$ cat input-v7.cif   # mmCIF, C-alpha atoms
data_coords
loop_
_atom_site.label_atom_id
_atom_site.label_comp_id
_atom_site.auth_asym_id
_atom_site.auth_seq_id
_atom_site.Cartn_x
_atom_site.Cartn_y
_atom_site.Cartn_z
CA PRO A 16 161.71 36.25 120.36
CA TYR A 17 165.14 36.73 118.81
CA PHE A 18 166.83 40.00 117.81
CA ILE A 19 169.89 40.07 115.54
CA MET A 20 172.08 43.17 115.89
CA SER A 21 173.39 42.80 112.35
CA ARG A 22 175.68 45.29 110.67
CA PRO A 23 175.60 46.46 107.98
CA GLY A 24 171.84 46.43 107.31
CA GLY A 25 170.89 44.01 104.57
CA HIS A 26 167.52 44.57 102.92
CA HIS A 27 168.87 46.46 99.89
CA ALA A 28 171.15 43.58 98.81
CA GLY A 29 169.55 41.61 95.99
CA ARG A 30 170.34 38.43 94.13
CA ARG A 31 173.50 39.79 92.54
CA GLY A 32 174.08 42.99 94.46
CA ARG A 33 172.07 46.07 93.48
CA ALA A 34 168.37 45.23 93.33
CA MET A 35 165.47 46.40 91.16
CA GLY A 36 167.59 48.97 89.34
CA ALA A 37 168.77 50.80 92.48
CA PRO A 38 171.89 52.91 91.94
CA THR A 39 173.79 51.45 94.93
CA LEU A 40 173.64 48.70 97.55
CA GLY A 41 172.47 51.21 100.15
CA PHE A 42 175.04 50.33 102.85
CA CYS A 43 174.08 46.62 102.55
CA ILE A 44 176.11 43.49 101.73
CA PHE A 45 174.16 40.41 102.83
CA ASP A 46 170.38 40.20 102.95
CA TYR A 47 169.86 38.62 106.38
CA THR A 48 166.08 38.83 106.04
CA SER A 49 165.98 36.68 102.93
CA ILE A 50 168.60 34.28 104.27
CA ALA A 51 166.50 33.69 107.39
CA ALA A 52 163.28 33.42 105.38
CA LYS A 53 164.78 30.89 102.97
CA ALA A 54 166.10 28.77 105.86
CA LEU A 55 162.68 28.71 107.51
CA ILE A 56 160.89 27.98 104.23
CA ASP A 57 163.25 25.05 103.60
CA LYS A 58 162.10 23.62 106.95
CA GLY A 59 158.48 23.83 105.88
CA TYR A 60 157.47 27.09 107.58
CA ARG A 61 155.31 29.77 106.04
CA VAL A 62 156.95 33.14 106.76
CA MET A 63 155.66 36.68 107.14
CA ILE A 64 158.18 39.51 106.77
CA LEU A 65 157.35 42.93 108.14
CA ASP A 66 159.81 45.59 106.99
CA ILE A 67 159.34 48.83 108.94
CA ASP A 68 162.54 50.53 107.77
CA ALA A 69 161.84 53.90 106.16
CA HIS A 70 163.51 52.75 102.92
CA HIS A 71 161.99 50.08 100.71
CA GLY A 72 163.53 46.63 101.12
CA ASN A 73 164.17 46.19 97.41
CA GLY A 74 166.78 43.46 97.87
CA SER A 75 164.59 41.26 100.04
CA GLN A 76 161.66 41.75 97.72
CA GLU A 77 163.69 40.92 94.62
CA ILE A 78 165.01 37.71 96.17
CA LEU A 79 161.56 36.59 97.36
CA TRP A 80 159.57 37.97 94.41
CA LEU A 81 158.58 34.51 93.15
CA GLU A 82 158.34 32.85 96.57
CA PRO A 83 154.71 32.26 97.62
CA ARG A 84 155.67 30.96 101.07
CA ALA A 85 156.91 34.42 102.10
CA LEU A 86 154.41 37.21 102.72
CA HIS A 87 156.40 40.45 102.57
CA ILE A 88 154.82 43.65 103.91
CA ASP A 89 156.98 46.74 103.46
CA ILE A 90 156.14 50.20 104.86
CA HIS A 91 158.41 52.91 103.51
CA GLN A 92 158.67 56.56 102.54
CA THR A 93 157.96 57.35 98.92
CA GLY A 94 160.34 59.53 96.91
CA ILE A 95 163.57 58.49 98.65
CA TYR A 96 166.21 55.81 98.03
CA PRO A 97 165.90 53.27 96.46
CA GLY A 98 162.82 54.56 94.63
CA THR A 99 161.09 51.18 94.42
CA GLY A 100 158.12 49.61 96.21
CA GLY A 101 155.06 50.99 94.45
CA ILE A 102 151.63 50.07 95.78
CA TRP A 103 151.03 47.58 92.94
CA SER A 104 154.38 45.80 93.27
CA ILE A 105 152.74 42.61 94.49
CA GLY A 106 155.03 39.71 93.54
CA GLY A 107 155.24 37.54 90.45
CA GLY A 108 154.10 34.15 89.22
CA VAL A 109 152.57 31.94 91.90
CA ALA A 110 153.67 34.55 94.48
CA ARG A 111 151.47 37.26 92.99
CA GLY A 112 149.64 38.92 95.88
CA THR A 113 152.15 37.96 98.58
CA LYS A 114 154.14 41.19 98.42
CA ILE A 115 152.41 44.23 99.94
CA ASN A 116 154.04 47.64 99.63
CA ILE A 117 152.79 50.67 101.56
CA PRO A 118 154.51 53.84 100.25
CA LEU A 119 153.96 56.76 102.63
CA GLU A 120 154.21 60.52 102.24
CA ARG A 121 156.47 62.73 104.35
CA GLY A 122 155.02 63.59 107.74
CA SER A 123 152.78 60.51 107.97
CA GLY A 124 153.37 60.07 111.71
CA ASP A 125 152.25 57.57 114.34
CA SER A 126 148.53 57.63 113.50
CA VAL A 127 149.08 56.46 109.92
CA TYR A 128 151.25 53.58 111.13
CA SER A 129 148.53 52.65 113.61
CA TRP A 130 146.01 52.53 110.75
CA ILE A 131 148.33 50.31 108.72
CA LEU A 132 148.79 47.85 111.57
CA SER A 133 145.06 47.42 112.19
CA ARG A 134 143.81 47.72 108.58
CA VAL A 135 146.59 46.04 106.59
CA ILE A 136 149.16 44.10 108.60
CA GLU A 137 146.90 42.19 110.98
CA PRO A 138 144.22 41.40 108.36
CA ALA A 139 146.96 40.17 106.01
CA ARG A 140 148.42 37.98 108.76
CA LYS A 141 145.03 36.40 109.43
CA ILE A 142 144.56 35.67 105.74
CA TYR A 143 148.04 34.22 105.24
CA GLU A 144 148.39 32.41 108.60
CA PRO A 145 152.21 32.46 108.82
CA ASP A 146 154.13 30.17 111.14
CA PHE A 147 157.00 32.59 111.72
CA LEU A 148 157.41 36.38 111.73
CA ILE A 149 160.55 38.22 110.64
CA VAL A 150 160.69 41.96 111.35
CA PHE A 151 163.27 44.10 109.58
CA ALA A 152 163.36 46.64 112.38
CA GLY A 153 164.62 49.87 110.89
CA PHE A 154 164.31 52.82 113.25
CA ASP A 155 164.93 55.53 110.64
CA ALA A 156 161.28 56.57 110.38
CA HIS A 157 161.77 58.41 113.69
CA MET A 158 161.17 62.16 113.60
CA GLU A 159 164.80 62.90 114.52
CA ASP A 160 166.29 60.90 111.65
CA PRO A 161 168.24 63.17 109.26
CA LEU A 162 167.65 61.03 106.15
CA THR A 163 163.88 60.59 106.23
CA GLY A 164 160.70 62.51 106.94
CA LEU A 165 158.06 60.09 108.21
CA GLU A 166 157.95 61.82 111.61
CA VAL A 167 157.05 58.90 113.88
CA THR A 168 157.88 58.71 117.60
CA GLU A 169 158.92 55.92 119.92
CA ASP A 170 155.22 55.05 120.26
CA THR A 171 155.16 53.53 116.79
CA TYR A 172 158.04 51.22 117.62
CA ALA A 173 156.50 50.29 120.96
CA MET A 174 153.29 49.50 119.06
CA PHE A 175 155.11 47.11 116.73
CA GLY A 176 157.04 45.54 119.60
CA SER A 177 153.78 44.95 121.48
CA TYR A 178 152.29 43.41 118.36
CA VAL A 179 155.11 40.88 118.05
CA GLY A 180 154.98 40.03 121.75
CA ARG A 181 151.21 39.62 121.65
CA LEU A 182 151.33 37.20 118.71
CA LEU A 183 153.91 35.10 120.52
CA GLU A 184 152.03 35.15 123.82
CA ARG A 185 148.80 34.01 122.14
CA GLY A 186 150.56 31.28 120.19
CA GLU A 187 149.50 32.79 116.87
CA ILE A 188 153.04 32.40 115.53
CA ALA A 189 155.63 29.77 116.40
CA GLY A 190 158.47 32.26 116.65
CA SER A 191 159.82 35.67 115.68
CA LEU A 192 163.11 37.14 114.53
CA SER A 193 163.82 40.88 114.50
CA ILE A 194 166.76 42.15 112.44
CA LEU A 195 168.31 45.56 113.07
CA GLY A 196 167.77 47.93 110.16
CA GLY A 197 168.52 51.60 109.59
CA GLY A 198 168.55 54.50 112.00
CA TYR A 199 170.80 57.53 111.75
CA GLY A 200 169.79 59.84 114.59
CA GLU A 201 169.55 59.70 118.37
CA GLY A 202 165.89 58.72 118.04
CA ALA A 203 166.99 55.33 116.73
CA ILE A 204 168.36 54.42 120.16
CA THR A 205 165.23 55.33 122.11
CA SER A 206 163.08 53.67 119.44
CA PHE A 207 165.07 50.45 119.69
CA VAL A 208 164.60 50.43 123.46
CA ALA A 209 160.86 51.08 123.08
CA TYR A 210 160.50 48.23 120.57
CA VAL A 211 162.36 45.66 122.66
CA GLU A 212 160.75 46.65 125.96
CA ALA A 213 157.27 46.45 124.44
CA MET A 214 158.04 43.13 122.78
CA LEU A 215 159.12 41.69 126.12
CA GLY A 216 156.08 43.11 127.89
CA ILE A 217 157.92 45.54 130.16
CA ARG A 218 156.49 48.61 128.41
CA GLU A 219 152.77 49.14 127.95
CA GLN A 220 151.31 49.24 124.48
CA PRO A 221 150.71 52.90 123.57
CA MET A 222 147.26 54.14 122.62
CA ILE A 223 147.57 55.70 119.17
CA SER A 224 144.72 57.15 117.13
CA GLU A 225 144.31 56.06 113.50
CA GLU A 226 144.63 58.19 110.39
CA GLU A 227 144.38 57.04 106.79
CA PRO A 228 147.43 57.28 104.51
CA SER A 229 147.11 58.73 101.00
CA PRO A 230 143.93 57.99 99.01
CA SER A 231 145.93 55.98 96.47
CA VAL A 232 147.02 53.57 99.21
CA VAL A 233 143.61 53.34 100.87
CA SER A 234 141.81 52.65 97.58
CA ALA A 235 144.29 49.93 96.57
CA ILE A 236 144.16 47.89 99.78
CA PRO A 237 140.90 45.95 99.15
CA GLY A 238 142.13 44.70 95.78
CA ILE A 239 145.51 43.76 97.18
CA MET A 240 143.87 41.82 100.00
CA ASP A 241 141.79 39.90 97.45
CA LEU A 242 144.98 38.92 95.62
CA LEU A 243 146.53 37.80 98.91
CA ARG A 244 143.49 35.61 99.62
CA ASP A 245 143.90 33.97 96.24
CA ALA A 246 147.61 33.37 96.88
CA ALA A 247 147.00 31.97 100.36
CA THR A 248 144.41 29.56 98.97
CA ARG A 249 146.82 28.32 96.29
CA ILE A 250 149.55 27.35 98.75
CA LYS A 251 147.43 25.69 101.45
#
$ encode --input "input-v7.cif" --output "structure tokens"
Amino acid sequence: PYFIMSRPGGHHAGRRGRAMGAPTLGFCIFDYTSIAAKALIDKGYRVMILDIDAHHGNGSQEILWLEPRALHIDIHQTGIYPGTGGIWSIGGGVARGTKINIPLERGSGDSVYSWILSRVIEPARKIYEPDFLIVFAGFDAHMEDPLTGLEVTEDTYAMFGSYVGRLLERGEIAGSLSILGGGYGEGAITSFVAYVEAMLGIREQPMISEEEPSPSVVSAIPGIMDLLRDAATRIK
């Protein structure tokens, strides 16, 4: 596994700067996620992007909107910058169904993230069968972050780190790249450590109960998965 300590962030930078009507570039200049994805796609890989930053990766999604060889799953807090990433923002053209947005309410917490991993992320991965995984590892969903309100703990980041490590260990992906995203409180440091330690197998995977997100998200998932199946079939 590789981890890029990139600064500034990146996922808000679109094709020509501000993306999807956002008012600013959101501290970003270059979209490392899309650059890496494009490089891998050019080599013939099918890529899965998992964006766990608390803010929607509008730049990455704009750049890859029409790219069917990139499955982009984005978990973010609704009602904050950049204000994009609705549940039915699913990609365009031949890429329709390959962009999955999970907007979450304030206070969602670890249990909702656990539900998303088991009920959305892993099923989507099995449908799409990516060769390579890119994680935009934002740590600003932590409960101590001053800019967000998703209220997760280090356990969520350890859970995602364990997930990446497990996929690599089982040979279910050829490689992974994690890219440092946002994080504006002391919890970002402990969350980063938890993620990396779990990914490397030196921290045990936490046991987290599952809790459903909002009804609008839960009810939309089956239809979105059907669209992903159609997209995956088209590009095989």
$ resolve_selection --input "input-v7.cif" --expression "the PyMOL selection byres ((chain A and resi 191) around 7)" --output "list of chain:residue names"
A:Pro16, A:Tyr17, A:Phe147, A:Leu148, A:Ile149, A:Gly190, A:Leu192, A:Ser193
$ closest_residue --input "input-v7.cif" --among "A:Gly41, A:Gly176, A:Gly25, A:Gly107" --to "Met214 in chain A" --atoms "all atoms listed in the file"
A:Gly176
$ atom_distance --input "input-v7.cif" --atom1 "CA of Ile19 in chain A" --atom2 "CA of Ala209 in chain A"
16.1 Å
$ residues_around --input "input-v7.cif" --residues "Ala246 in chain A" --least-positions-apart "5" --cutoff "7 Å" --atoms "only C-alpha atoms" --output "number ranges by chain"
A: 110-113
$ closest_residue --input "input-v7.cif" --among "A:Met158, A:Ile115, A:Ala152, A:Leu243" --to "Ile67 in chain A" --atoms "all atoms listed in the file"
A:Ala152
$ resolve_selection --input "input-v7.cif" --expression "the PyMOL selection byres ((chain A and resi 95) around 10)" --output "ChimeraX atom specification"
/A:69-71,91-94,96-99,162-164
$ resolve_selection --input "input-v7.cif" --expression "the PyMOL selection byres ((chain A and resi 40) around 12)" --output "list in words"
Pro23, Gly24, Gly25, His26, His27, Ala28, Gly29, Arg30, Arg31, Gly32, Arg33, Ala34, Met35, Gly36, Ala37, Pro38, Thr39, Gly41, Phe42, Cys43, Ile44, Phe45, Asp46, Gly72, Asn73, Gly74, Ser75, Tyr96 and Pro97 of chain A
$ residues_around --input "input-v7.cif" --residues "Val167 in chain A" --least-positions-apart "3" --cutoff "10 Å" --atoms "only C-alpha atoms" --output "count of residues only"
20
$ axis_aligned_box --input "input-v7.cif" --around "range 21-24 of chain A" --padding-each-side "8 Å" --output "JSON"
{"center_x": 173.8, "center_y": 44.6, "center_z": 109.8, "size_x": 19.8, "size_y": 19.7, "size_z": 21.0}
$ atom_distance --input "input-v7.cif" --atom1 "CA of Gly153 in chain A" --atom2 "CA of Gly198 in chain A"
6.2 Å
$ closest_residue --input "input-v7.cif" --among "A:Glu77, A:Glu82, A:Glu169, A:Glu120" --to "Thr205 in chain A" --atoms "only C-alpha atoms"
A:Glu169
$ closest_residue --input "input-v7.cif" --among "A:Ile117, A:Ile90, A:Ile78, A:Val109" --to "Ser234 in chain A" --atoms "only C-alpha atoms"
A:Ile117
$ atom_distance --input "input-v7.cif" --atom1 "CA of Ile102 in chain A" --atom2 "CA of Asp146 in chain A"
25.3 Å
$ closest_residue --input "input-v7.cif" --among "A:Ala247, A:Ala189, A:Leu119, A:Ile217" --to "Leu165 in chain A" --atoms "all atoms listed in the file"
A:Leu119
$ residues_around --input "input-v7.cif" --residues "Leu65 in chain A" --least-positions-apart "4" --cutoff "7 Å" --atoms "all atoms listed in the file" --output "PyMOL selection string"
chain A and resi 87-89+149-151
